[in-house]
Every structure is written in C-alpha cells, then in structure tokens.
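Enquirer: Next comes the structure file input.cif, holding mmCIF, C-alpha atoms and all ligand atoms.
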data_work
loop_
_atom_site.label_atom_id
_atom_site.label_comp_id
_atom_site.auth_asym_id
_atom_site.auth_seq_id
_atom_site.Cartn_x
_atom_site.Cartn_y
_atom_site.Cartn_z
CA MET F 1 -74.52 -20.80 17.63
CA ASP F 2 -74.97 -19.29 14.17
CA ILE F 3 -74.72 -15.51 14.51
CA ARG F 4 -77.90 -15.04 12.48
CA GLU F 5 -79.87 -17.23 14.86
CA ALA F 6 -78.70 -15.06 17.75
CA LEU F 7 -79.53 -11.87 15.84
CA TYR F 8 -83.04 -13.03 14.94
CA THR F 9 -84.04 -14.66 18.21
CA THR F 10 -82.59 -12.44 20.93
CA ARG F 11 -85.85 -11.15 22.34
CA ALA F 12 -86.84 -9.44 25.57
CA MET F 13 -86.98 -12.62 27.70
CA ARG F 14 -88.19 -11.20 31.00
CA ARG F 15 -89.85 -14.30 32.42
CA VAL F 16 -86.97 -16.34 33.84
CA ARG F 17 -86.38 -19.02 36.43
CA PRO F 18 -84.59 -18.14 39.69
CA ASP F 19 -81.74 -20.60 38.96
CA PRO F 20 -78.37 -18.82 39.19
CA VAL F 21 -76.32 -18.05 36.10
CA PRO F 22 -72.90 -19.70 36.72
CA LEU F 23 -69.88 -17.42 37.09
CA ASP F 24 -68.09 -18.87 34.06
CA THR F 25 -71.17 -18.11 31.96
CA GLN F 26 -71.26 -14.57 33.33
CA ALA F 27 -67.57 -14.21 32.47
CA ARG F 28 -68.19 -15.28 28.86
CA ILE F 29 -71.07 -12.81 28.56
CA LEU F 30 -69.10 -9.83 29.89
CA ASP F 31 -65.89 -10.74 28.10
CA ALA F 32 -67.83 -10.74 24.82
CA ALA F 33 -69.52 -7.45 25.74
CA ILE F 34 -66.27 -5.55 26.27
CA ARG F 35 -65.16 -6.43 22.69
CA ALA F 36 -67.78 -3.93 21.47
CA PRO F 37 -66.81 -0.60 19.92
CA SER F 38 -66.80 2.72 21.74
CA GLY F 39 -65.99 6.18 20.44
CA GLY F 40 -62.20 6.51 20.02
CA ASN F 41 -61.98 3.10 21.70
CA SER F 42 -62.29 5.06 24.95
CA GLN F 43 -63.99 2.13 26.75
CA ASN F 44 -65.35 4.69 29.14
CA TRP F 45 -67.67 2.16 30.67
CA ARG F 46 -68.21 0.20 33.83
CA PHE F 47 -70.36 -2.90 34.32
CA LEU F 48 -71.85 -3.92 37.63
CA LEU F 49 -73.23 -7.42 38.05
CA LEU F 50 -75.85 -7.67 40.78
CA ASP F 51 -76.85 -10.99 42.31
CA ASP F 52 -77.00 -10.14 46.03
CA PRO F 53 -80.64 -10.69 47.08
CA SER F 54 -80.43 -8.03 49.78
CA VAL F 55 -79.41 -5.37 47.24
CA ILE F 56 -81.87 -6.63 44.61
CA GLY F 57 -84.51 -6.38 47.35
CA ARG F 58 -83.75 -2.67 47.81
CA ILE F 59 -83.98 -1.93 44.09
CA GLY F 60 -87.15 -3.97 43.46
CA PRO F 61 -89.56 -1.40 44.99
CA LEU F 62 -87.89 1.38 42.98
CA TYR F 63 -88.26 -0.68 39.81
CA ARG F 64 -91.95 -1.36 40.48
CA ASP F 65 -92.60 2.31 41.18
CA SER F 66 -90.77 3.20 37.93
CA ILE F 67 -92.94 0.83 35.89
CA ASP F 68 -96.10 2.19 37.56
CA GLN F 69 -95.02 5.70 36.62
CA LEU F 70 -94.20 4.59 33.08
CA TRP F 71 -97.73 3.29 32.49
CA ARG F 72 -99.24 6.45 33.96
CA THR F 73 -97.09 8.88 31.93
CA VAL F 74 -95.22 7.86 28.76
CA TYR F 75 -97.60 4.99 27.93
CA ALA F 76 -100.88 6.53 29.17
CA ASP F 77 -102.25 7.50 25.72
CA ARG F 78 -101.25 4.25 24.04
CA LEU F 79 -102.72 2.18 26.85
CA ALA F 80 -105.98 4.16 26.72
CA ARG F 81 -106.21 3.51 22.96
CA ALA F 82 -105.49 -0.18 23.56
CA GLU F 83 -108.29 -0.32 26.09
CA ALA F 84 -110.70 1.41 23.71
CA GLU F 85 -109.82 -0.94 20.83
CA PRO F 86 -108.69 -4.16 22.51
CA ASP F 87 -108.76 -6.27 19.33
CA ALA F 88 -106.66 -3.98 17.13
CA PRO F 89 -103.30 -5.65 16.31
CA ASP F 90 -101.31 -2.77 17.87
CA SER F 91 -103.37 -3.08 21.06
CA VAL F 92 -102.78 -6.81 21.29
CA GLU F 93 -99.04 -6.27 20.80
CA LEU F 94 -98.90 -3.46 23.38
CA ARG F 95 -100.73 -5.49 26.00
CA LYS F 96 -98.30 -8.38 25.47
CA VAL F 97 -95.34 -6.05 26.07
CA GLN F 98 -97.10 -4.57 29.10
CA ALA F 99 -97.83 -7.97 30.61
CA SER F 100 -94.25 -9.08 30.11
CA ALA F 101 -92.80 -5.82 31.51
CA GLN F 102 -95.17 -5.98 34.46
CA TRP F 103 -94.03 -9.57 35.13
CA LEU F 104 -90.46 -8.35 35.53
CA ALA F 105 -91.59 -5.60 37.90
CA ASP F 106 -93.72 -7.98 39.97
CA HIS F 107 -90.99 -10.63 40.12
CA PHE F 108 -87.92 -8.37 40.24
CA GLU F 109 -86.53 -10.13 43.32
CA GLU F 110 -86.78 -13.59 41.68
CA VAL F 111 -84.52 -12.74 38.74
CA PRO F 112 -81.07 -14.18 39.50
CA LEU F 113 -78.83 -11.63 37.83
CA TYR F 114 -78.79 -8.01 36.71
CA LEU F 115 -76.19 -6.09 34.76
CA PHE F 116 -75.99 -2.34 35.25
CA ALA F 117 -74.06 -0.46 32.57
CA PHE F 118 -72.50 2.92 33.31
CA VAL F 119 -70.88 5.41 31.02
CA GLN F 120 -69.08 8.75 31.26
CA SER F 121 -69.34 11.56 28.70
CA ASP F 122 -71.54 9.71 26.24
CA PRO F 123 -74.74 11.71 25.80
CA THR F 124 -75.95 9.64 22.84
CA GLY F 125 -75.38 6.23 24.43
CA GLY F 126 -73.51 5.28 21.26
CA SER F 127 -70.51 4.09 23.25
CA ILE F 128 -72.40 1.82 25.66
CA PHE F 129 -75.36 0.22 23.90
CA PRO F 130 -73.24 -1.79 21.44
CA ALA F 131 -71.61 -3.46 24.47
CA VAL F 132 -74.95 -4.01 26.17
CA TRP F 133 -76.45 -5.61 23.08
CA SER F 134 -73.33 -7.78 22.68
CA ALA F 135 -73.88 -8.98 26.25
CA GLN F 136 -77.46 -9.88 25.36
CA LEU F 137 -76.37 -11.72 22.19
CA ALA F 138 -73.65 -13.56 24.11
CA ALA F 139 -76.22 -14.51 26.75
CA ARG F 140 -78.51 -15.80 24.00
CA ALA F 141 -75.71 -18.09 22.81
CA GLU F 142 -75.49 -19.45 26.38
CA GLY F 143 -79.26 -20.07 26.55
CA VAL F 144 -79.61 -17.16 28.99
CA GLY F 145 -82.52 -14.77 28.45
CA SER F 146 -82.20 -11.05 29.00
CA SER F 147 -84.11 -7.81 28.82
CA ILE F 148 -82.72 -4.31 28.70
CA THR F 149 -84.54 -1.84 30.94
CA SER F 150 -84.24 1.90 31.30
CA VAL F 151 -87.03 2.89 33.71
CA LEU F 152 -84.82 3.04 36.81
CA GLY F 153 -82.65 5.63 35.10
CA PHE F 154 -85.70 7.72 34.23
CA PHE F 155 -87.55 7.64 37.51
CA HIS F 156 -85.07 6.71 40.28
CA PRO F 157 -81.53 7.43 39.05
CA VAL F 158 -80.11 8.95 42.22
CA GLU F 159 -81.46 6.31 44.62
CA THR F 160 -80.23 3.52 42.33
CA LEU F 161 -76.71 4.98 42.07
CA ASP F 162 -76.62 5.38 45.87
CA ILE F 163 -77.74 1.79 46.53
CA LEU F 164 -75.07 0.51 44.12
CA GLY F 165 -72.39 2.74 45.63
CA VAL F 166 -71.63 4.58 42.38
CA PRO F 167 -69.41 7.62 43.05
CA ARG F 168 -71.54 10.58 41.94
CA GLU F 169 -68.72 13.09 41.63
CA ASP F 170 -67.06 11.13 38.81
CA GLY F 171 -69.95 11.73 36.41
CA TRP F 172 -70.90 8.09 35.90
CA ARG F 173 -74.37 7.83 34.36
CA MET F 174 -76.45 4.66 34.46
CA ALA F 175 -77.23 3.72 30.86
CA CYS F 176 -79.48 0.77 31.61
CA CYS F 177 -80.14 -2.28 33.73
CA VAL F 178 -80.34 -5.67 32.01
CA SER F 179 -82.04 -8.66 33.59
CA PHE F 180 -80.60 -12.15 33.00
CA GLY F 181 -81.85 -15.66 33.69
CA TYR F 182 -82.86 -18.96 32.15
CA PRO F 183 -86.13 -18.35 30.30
CA THR F 184 -89.38 -20.10 31.12
CA GLY F 185 -90.63 -19.59 27.55
CA ARG F 186 -89.25 -20.49 24.15
CA TRP F 187 -87.03 -18.50 21.84
CA GLY F 188 -88.65 -17.19 18.67
CA VAL F 189 -87.93 -14.79 15.85
CA ALA F 190 -88.52 -11.18 16.90
CA ARG F 191 -91.60 -9.72 15.20
CA ARG F 192 -90.84 -6.35 13.64
CA ARG F 193 -92.13 -4.03 10.92
CA PRO F 194 -90.64 -5.32 7.66
CA VAL F 195 -87.39 -3.79 6.50
CA HIS F 196 -88.85 -2.20 3.34
CA GLU F 197 -91.32 -0.21 5.46
CA VAL F 198 -88.58 1.42 7.50
CA SER F 199 -85.72 1.79 4.99
CA PHE F 200 -84.96 4.04 2.01
CA ARG F 201 -82.28 4.26 -0.65
CA ASN F 202 -80.34 7.39 -1.59
CA ALA F 203 -83.03 9.79 -0.41
CA TRP F 204 -85.65 9.84 2.30
CA GLY F 205 -88.88 8.29 1.04
CA THR F 206 -87.32 6.49 -1.95
CA PRO F 207 -87.95 2.71 -1.84
CA VAL F 208 -84.99 0.68 -0.64
CA GLY F 209 -85.20 -1.58 -3.71
CA PHE F 210 -86.25 -4.87 -2.14
CA GLU F 211 -89.16 -6.20 -0.15
CA VAL F 212 -88.81 -8.77 2.60
CA ALA F 213 -92.22 -10.19 3.42
CA GLU F 214 -90.97 -12.86 5.85
CA PRO F 215 -87.85 -13.01 8.06
CA LEU F 216 -84.79 -14.23 6.09
CA TRP F 217 -83.75 -16.58 8.88
CA PRO F 218 -84.07 -19.56 9.03
CA ASP F 219 -83.11 -20.00 5.38
CA PRO F 220 -86.12 -21.02 3.28
CA VAL F 221 -85.92 -24.74 2.31
C1 LIG P 301 -83.61 1.64 25.13
C2 LIG P 301 -84.55 0.56 25.62
C3 LIG P 301 -85.17 0.70 26.86
C4 LIG P 301 -86.03 -0.29 27.34
N1 LIG P 301 -86.58 -0.16 28.58
C5 LIG P 301 -87.34 -1.16 29.07
C6 LIG P 301 -87.82 -1.09 30.42
O1 LIG P 301 -87.56 -0.12 31.16
N2 LIG P 301 -88.54 -2.13 30.90
C7 LIG P 301 -88.82 -3.22 30.12
O2 LIG P 301 -89.48 -4.15 30.62
N3 LIG P 301 -88.37 -3.32 28.85
C8 LIG P 301 -87.64 -2.32 28.31
N4 LIG P 301 -87.13 -2.42 27.04
C9 LIG P 301 -87.39 -3.65 26.25
C10 LIG P 301 -88.35 -3.41 25.10
O3 LIG P 301 -89.65 -3.28 25.60
C11 LIG P 301 -88.25 -4.60 24.14
O4 LIG P 301 -86.93 -4.64 23.65
C12 LIG P 301 -89.23 -4.50 22.98
O5 LIG P 301 -90.55 -4.54 23.47
C13 LIG P 301 -89.03 -5.61 21.96
O6 LIG P 301 -89.24 -6.84 22.60
P1 LIG P 301 -89.05 -8.21 21.79
O7 LIG P 301 -87.62 -8.25 21.34
O8 LIG P 301 -89.38 -9.30 22.76
O9 LIG P 301 -89.99 -8.17 20.62
C14 LIG P 301 -86.29 -1.45 26.54
C15 LIG P 301 -85.65 -1.58 25.29
C16 LIG P 301 -84.79 -0.60 24.85
C17 LIG P 301 -84.08 -0.81 23.52
#
Would you write out, as structure tokens, the structure that this file holds?
Ligand SMILES: Cc1cc2nc3c(=O)[nH]c(=O)nc-3n(C[C@H](O)[C@H](O)[C@H](O)COP(=O)(O)O)c2cc1C
Expert:
Amino acid sequence: MDIREALYTTRAMRRVRPDPVPLDTQARILDAAIRAPSGGNSQNWRFLLLDDPSVIGRIGPLYRDSIDQLWRTVYADRLARAEAEPDAPDSVELRKVQASAQWLADHFEEVPLYLFAFVQSDPTGGSIFPAVWSAQLAARAEGVGSSITSVLGFFHPVETLDILGVPREDGWRMACCVSFGYPTGRWGVARRRPVHEVSFRNAWGTPVGFEVAEPLWPDPV
C-alpha cells in the first residue's frame, strides 16, 4: 500500500467483526511497530497482545466503567453543549465520536485482539507512541482496523496491570490499549482542521505560507 494512503486513511476503526486476526498478520504488525524510534534507541517498551476471551472478559467491565466516567468528567461540558446545540457542526462531530467510542465499550468482548503498550521512564510518551502509531499504520496496510484508547490507564490502571500480570515493582506504565479487528465500515480520509489553521512559519501566529483547502491525497486528477 502507498504510504500516503495509509497516512490519510488510518482512522479510529472501532466497529470491527469478531473474526480473529491471524498470527502471521499480528507478527507483521508488531515487527513493523518495533522499527519505530525511541529516545537513545532505548526500546524501553513491552507489547502485550490480548486475545484470550476470559481475560478480555475481565477487562471489559473496567473499560465500560472508564468510558462512563469519561463522559461524566472530561467530556461533560462538551457533551452538554452538544445537547444544547445538536445541529452545530462540532456537536455532530462529537456525537459521532461518542457513538463510536461507546460502541467499543459496549462490544469490548467481541473485539478479537487488543495490544497493550507499556513503557518505563518515558513521562512524555515520546518513546512509545511512534511505535503504537506504526502498529496502527501496519494494521491499516493489512486491512485491519484499530483504535488507540487511553481510558483504562486513566481510570483503572492498577486493576488492568494486575489482570495482565504486569510486575508493578519494575515501573512499567501502561501507555495505551489498542483495539484491532476487521472493520465493518469503510476506510476514508480522516477529517481534520486544515493544515494552515494549525501551522505557523518562523514565529507563532505568522501564516505558514500555503493553504490546503482539501486533502492532498488522493492526487487531484
Ligand atoms: C492519546 C489518545 C487517546 C485516545 N483515547 C481513546 C479512548 O480512550 N477511547 C476511544 O474510544 N478512543 C480514544 N482515542 C481515539 C480518538 O478518539 C480518535 O483518534 C479521534 O477521535 C480521531 O478519530 P478519527 O481518526 O476516526 O477521525 C484516543 C486517541 C488518542 C490519540
């Protein structure tokens, strides 16, 4: 697959079928992920693939509780605004994300594969998220959808580490949990604020020097 197609179309694909992801596909995803950079090439990371239904079944309730808490805390104001102004574009977008995230919570046990990423001594996450995103791009190339999630780490870190048997004394921190599976929907270009609205040149606030009204992939014909 063209790298630009993967970059433009790797979305949060939470709605997936229960079909297993074959081991050789998993191997290609993780082997690509560990090519990513880390500070000083320390590779101070561990990856835990989870496909055992009995373990997924223990984490599912924690995940659902985390998502419930997320809506009631971090997202409470934004959701209230979306309810007050349901037709505003931001509200429509937020409700789409909420519906998709809630789907994953409600169907946590039906997702065939999760990847938990752990890191030591990396407060910024700069040495783990490149590898995680590489795993998601590699999965995209295999036709496997994925979504990074962080709520378990916010709301139930200790219980999750215990269920997964992570040795606490070694200082391993859970960076995220990524869901994987074959998507039920179709791939599309990720909608984002255009680059010229979020970029500057030489000094904060100075225009970047170009405007990109529409995504630059696929190439215009
Ligand atoms: C650091 C980080 C944490 C995230 N945590 C969650 C999460 O806990 N649950 C979830 O469903 N999605 C989570 N997401 C996924 C985002 O909601 C998603 O990437 C964003 O809405 C863009 O989706 P799109 O690529 O489909 O447009 C997270 C993404 C990032 C980068």
Enquirer: Would you give the centre and edge lengths, in Å to one decimal, of a box along x, y and z around the listed atoms of ligand LIG 301 (chain P), with 6 Å added to each side, as lines of an AutoDock Vina configuration file?
Expert:
center_x = -87.1
center_y = -3.8
center_z = 25.9
size_x = 18.9
size_y = 22.9
size_z = 22.5
Enquirer: At a cut-off of 7 Å, can you tabulate as a tab-separated table every residue of chain F near ligand LIG 301 (chain P) together with its closest atom pair and the distance in Å to one decimal, using only C-alpha atoms and all ligand atoms and ordering rows by chain then number?
Expert:
residue	atom	partner	partner_atom	distance
F:Thr10	CA	P:LIG301	O7	6.6
F:Arg11	CA	P:LIG301	O7	3.5
F:Ala12	CA	P:LIG301	O8	3.8
F:Met13	CA	P:LIG301	O8	6.4
F:Val97	CA	P:LIG301	O5	5.7
F:Ser100	CA	P:LIG301	O2	6.9
F:Ala101	CA	P:LIG301	O2	3.8
F:Leu104	CA	P:LIG301	O2	6.5
F:Ser147	CA	P:LIG301	C9	5.9
F:Ile148	CA	P:LIG301	C14	5.1
F:Thr149	CA	P:LIG301	C6	3.4
F:Ser150	CA	P:LIG301	O1	3.9
F:Val151	CA	P:LIG301	O1	4.0
F:Ala190	CA	P:LIG301	O9	5.0
F:Arg191	CA	P:LIG301	O9	5.9
Enquirer: Counting only C-alpha atoms, which residues of segment 94-175 of chain F sit at most 8 Å from some atom of segment 27-36 of chain F, and what is each one's closest atom pair with its distance in Å to one decimal, listed by chain and rising residue number, as JSON lines?
Expert:
{"residue": "F:Pro130", "atom": "CA", "partner": "F:Ala36", "partner_atom": "CA", "distance": 5.9}
{"residue": "F:Ala131", "atom": "CA", "partner": "F:Ala33", "partner_atom": "CA", "distance": 4.7}
{"residue": "F:Val132", "atom": "CA", "partner": "F:Ala33", "partner_atom": "CA", "distance": 6.4}
{"residue": "F:Trp133", "atom": "CA", "partner": "F:Ala33", "partner_atom": "CA", "distance": 7.6}
{"residue": "F:Ser134", "atom": "CA", "partner": "F:Ala33", "partner_atom": "CA", "distance": 4.9}
{"residue": "F:Ala135", "atom": "CA", "partner": "F:Ala33", "partner_atom": "CA", "distance": 4.6}
{"residue": "F:Gln136", "atom": "CA", "partner": "F:Ile29", "partner_atom": "CA", "distance": 7.7}
{"residue": "F:Ala138", "atom": "CA", "partner": "F:Ile29", "partner_atom": "CA", "distance": 5.2}
{"residue": "F:Ala139", "atom": "CA", "partner": "F:Ile29", "partner_atom": "CA", "distance": 5.7}
Enquirer: So that I can check the surroundings of Cys176 of chain F, please list as an MDAnalysis selection string every protein, DNA and RNA residue that reaches within 10 Å of it, counting all atoms listed in the file and ignoring chain neighbours fewer than 3 positions away.
Expert: chainID F and resid 115:119 125 128:129 132 148:154 173 179
Enquirer: Give me the residues near Ile163 of chain F as a ChimeraX atom specification, where near means some atom within 10 Å (using only C-alpha atoms) and where sequence neighbours in that chain fewer than 4 positions away do not count.
Expert: /F:55-56,58-59,158-159
Enquirer: Of the candidates F:Leu137, F:Ala105, F:Leu70, F:Ala80, which one gets nearest to Met1 of chain F if we count only C-alpha atoms?
Expert: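 With only C-alpha atoms as the atom set, the closest residue is F:Leu137.
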Enquirer: Rounded to one decimal in Å, what is the spacing between atom CA of Asp122 of chain F and atom CA of Ala141 of chain F?
Expert: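 Computing the Euclidean distance for atom CA of Asp122 of chain F and atom CA of Ala141 of chain F yields 28.3 Å.
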Enquirer: Please determine, counting all atoms listed in the file, which residue among F:Arg140, F:His156, F:Arg46, F:Arg168 has the shortest atom-to-atom distance to Gly188 of chain F.
Expert: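 Among the listed residues, F:Arg140 lies closest to Gly188 of chain F.
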Enquirer: Under the rule that all atoms listed in the file are counted, which of F:Gln69, F:Pro18, F:Pro89, F:Ala84 is the nearest residue to His107 of chain F?
Expert: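 Between F:Gln69, F:Pro18, F:Pro89, F:Ala84, the residue approaching His107 of chain F most closely is F:Pro18.
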Enquirer: Is it possible to get the residues within 7 Å of (-79.4, -17.6, 40.1) (coordinates as in the file, counting all atoms listed in the file) written as a tab-separated table (two decimals) with C-alpha atoms, in the frame of the given file?
Expert:
chain	number	residue	atom	x	y	z
F	18	PRO	CA	-84.59	-18.14	39.69
F	19	ASP	CA	-81.74	-20.60	38.96
F	20	PRO	CA	-78.37	-18.82	39.19
F	21	VAL	CA	-76.32	-18.05	36.10
F	112	PRO	CA	-81.07	-14.18	39.50
F	113	LEU	CA	-78.83	-11.63	37.83
Enquirer: Nearest to Gly57 of chain F among F:Gln102, F:Ser199, F:Thr160, F:Thr25, with distances taken over all atoms listed in the file: which residue is it?
Expert: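 With all atoms listed in the file as the atom set, the closest residue is F:Thr160.
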